[in-house]
Structure formats: C-alpha cells, structure tokens
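> Below are the structure tokens for one structure; questions will follow.
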Amino acid sequence: MTRFLDVTGAVEKVPLGGGIEVLDGYAGYVFPRSSMAAKGIVCELPPVDSGYRGENHAIISNVSGRTHAIQEGARVGQLIIMPVVIADFVSGLGEERGTGGFGSTGE
C-alpha cells in the first residue's frame, strides 16, 4: 500500500504492523530517520505508554512543500525506548521559590 503525504502540513498515521510491550517506567517513541527528515518527512513524538498493547503507529508530517509517497515496508522511523519520570505535583510551592517567571532571575 502506498500512502501519499501531499503538501506541507499533511499528517499521516502509518501502522507499523505490530506492537511492543514497554515496561513500566519507560515509554517508546518513533523518532525520525535522518534520511527521511532530510527530505522533509518527519515523525512526531507521541509516546507509546507502558500500558498500551495495540498496534504501534508512526505519526508522520510532511514539512517539505512537495508530495511524497511512502511505500509499504519503508523505514520511516526508529523506535527509541526511554525512561519516564512522573512528576509529583503539589498545590503550593511554599515561600522558598520566587513567582516572577520567565527571565525574572536576570538570565
């Protein structure tokens, strides 16, 4: 099957033909391949969570301004597994931190 990414801004969800079981504390990401990125075809980076058990997909965007055909079996990205740190959110930060925000520390 051939998929066409028409003009700049086209986005396609491409099934990868299988799935993976990501361990708790990790997430998978389909990173762009340099050869595709050089042509203006890049993978977006939504995570494959540890609890997901379905078929994996690559979300591919065309930023080139030209139409590109993606043939079935094309190597569109590379799977990277990375550790995930979950933040511990609190309702108050206390008096120790400033609240000035962007650029308030003089940097």
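Quick note on naming: the chains in the structure tokens go A, B, ... in the order shown, residues restart at 1 in each chain, and ligands are numbered from 1 in order of appearance.
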Taking the chain letters and numbering used in this document, name the residues of chain A that DSSP puts in strand (DSSP E), as a count of residues only.

36

> Which residues, written as a PyMOL selection string, have at least one atom at most 7 Å from segment 18-20 of chain A, with only C-alpha atoms counted and residues fewer than 3 positions away on the same chain left out?

chain A and resi 53-56

> Write out as a list in words all residues of chain A that DSSP puts in helix (DSSP H, G or I) for this structure's backbone.

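These are the residues in question: Ser34, Ser35, Met36 and Ala37 of chain A.
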
> Record the distance separating atom CA of Gly65 of chain A and atom CA of Tyr29 of chain A, expressed in Å with one decimal.

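Answer for the atom CA of Gly65 of chain A to atom CA of Tyr29 of chain A separation: 25.1 Å.
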
> Please provide as a PDB file with all heavy atoms, in the first residue's frame all residues within 12 Å of Ser35 of chain A, with the sequence filter that same-chain residues fewer than 6 positions apart are discarded (counting only C-alpha atoms).


ATOM      1  N   ILE A  41      10.271  14.772   5.666  1.00  0.00           N
ATOM      2  CA  ILE A  41       9.285  13.841   6.209  1.00  0.00           C
ATOM      3  C   ILE A  41       9.743  13.475   7.603  1.00  0.00           C
ATOM      4  O   ILE A  41      10.773  12.816   7.774  1.00  0.00           O
ATOM      5  CB  ILE A  41       9.164  12.574   5.339  1.00  0.00           C
ATOM      6  CG1 ILE A  41       8.829  12.946   3.903  1.00  0.00           C
ATOM      7  CG2 ILE A  41       8.141  11.609   5.916  1.00  0.00           C
ATOM      8  CD1 ILE A  41       7.518  13.668   3.731  1.00  0.00           C
ATOM      9  N   VAL A  42       8.998  13.929   8.618  1.00  0.00           N
ATOM     10  CA  VAL A  42       9.434  13.736   9.999  1.00  0.00           C
ATOM     11  C   VAL A  42       8.362  13.027  10.818  1.00  0.00           C
ATOM     12  O   VAL A  42       7.168  13.214  10.607  1.00  0.00           O
ATOM     13  CB  VAL A  42       9.802  15.081  10.669  1.00  0.00           C
ATOM     14  CG1 VAL A  42      11.004  15.712   9.992  1.00  0.00           C
ATOM     15  CG2 VAL A  42       8.632  16.041  10.656  1.00  0.00           C
ATOM     16  N   CYS A  43       8.819  12.208  11.761  1.00  0.00           N
ATOM     17  CA  CYS A  43       7.922  11.551  12.706  1.00  0.00           C
ATOM     18  C   CYS A  43       7.665  12.486  13.874  1.00  0.00           C
ATOM     19  O   CYS A  43       8.592  13.134  14.373  1.00  0.00           O
ATOM     20  CB  CYS A  43       8.537  10.261  13.236  1.00  0.00           C
ATOM     21  SG  CYS A  43       8.731   8.976  12.000  1.00  0.00           S
ATOM     22  N   ALA A  74       8.500   0.781   3.989  1.00  0.00           N
ATOM     23  CA  ALA A  74       9.524   1.832   4.057  1.00  0.00           C
ATOM     24  C   ALA A  74       9.944   2.032   5.507  1.00  0.00           C
ATOM     25  O   ALA A  74       9.132   1.945   6.424  1.00  0.00           O
ATOM     26  CB  ALA A  74       8.985   3.137   3.483  1.00  0.00           C
ATOM     27  N   ARG A  75      11.209   2.299   5.716  1.00  0.00           N
ATOM     28  CA  ARG A  75      11.728   2.566   7.053  1.00  0.00           C
ATOM     29  C   ARG A  75      11.519   4.048   7.351  1.00  0.00           C
ATOM     30  O   ARG A  75      12.313   4.883   6.971  1.00  0.00           O
ATOM     31  CB  ARG A  75      13.193   2.158   7.109  1.00  0.00           C
ATOM     32  CG  ARG A  75      13.348   0.657   6.907  1.00  0.00           C
ATOM     33  CD  ARG A  75      14.750   0.217   6.682  1.00  0.00           C
ATOM     34  NE  ARG A  75      15.686   0.818   7.616  1.00  0.00           N
ATOM     35  CZ  ARG A  75      16.964   0.541   7.675  1.00  0.00           C
ATOM     36  NH1 ARG A  75      17.464  -0.347   6.844  1.00  0.00           N
ATOM     37  NH2 ARG A  75      17.747   1.132   8.537  1.00  0.00           N
ATOM     38  N   VAL A  76      10.423   4.341   8.057  1.00  0.00           N
ATOM     39  CA  VAL A  76      10.016   5.723   8.258  1.00  0.00           C
ATOM     40  C   VAL A  76      10.535   6.319   9.566  1.00  0.00           C
ATOM     41  O   VAL A  76      10.546   7.526   9.730  1.00  0.00           O
ATOM     42  CB  VAL A  76       8.486   5.873   8.202  1.00  0.00           C
ATOM     43  CG1 VAL A  76       7.965   5.512   6.816  1.00  0.00           C
ATOM     44  CG2 VAL A  76       7.818   5.045   9.281  1.00  0.00           C
ATOM     45  N   GLY A  77      10.929   5.480  10.501  1.00  0.00           N
ATOM     46  CA  GLY A  77      11.390   5.986  11.793  1.00  0.00           C
ATOM     47  C   GLY A  77      12.169   4.926  12.538  1.00  0.00           C
ATOM     48  O   GLY A  77      12.358   3.813  12.040  1.00  0.00           O
ATOM     49  N   GLN A  78      12.625   5.300  13.713  1.00  0.00           N
ATOM     50  CA  GLN A  78      13.350   4.346  14.558  1.00  0.00           C
ATOM     51  C   GLN A  78      12.800   4.427  15.972  1.00  0.00           C
ATOM     52  O   GLN A  78      12.610   5.506  16.517  1.00  0.00           O
ATOM     53  CB  GLN A  78      14.841   4.616  14.524  1.00  0.00           C
ATOM     54  CG  GLN A  78      15.243   6.047  14.728  1.00  0.00           C
ATOM     55  CD  GLN A  78      16.652   6.310  14.242  1.00  0.00           C
ATOM     56  OE1 GLN A  78      17.367   5.425  13.827  1.00  0.00           O
ATOM     57  NE2 GLN A  78      17.055   7.558  14.292  1.00  0.00           N
TER      58      GLN A  78
END

> Could you tell me how far atom CA of Ile60 of chain A sits from atom CA of Pro46 of chain A, in Å to one decimal place?

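Atom-to-atom, atom CA of Pro46 of chain A to atom CA of Ile60 of chain A, that is 10.8 Å.
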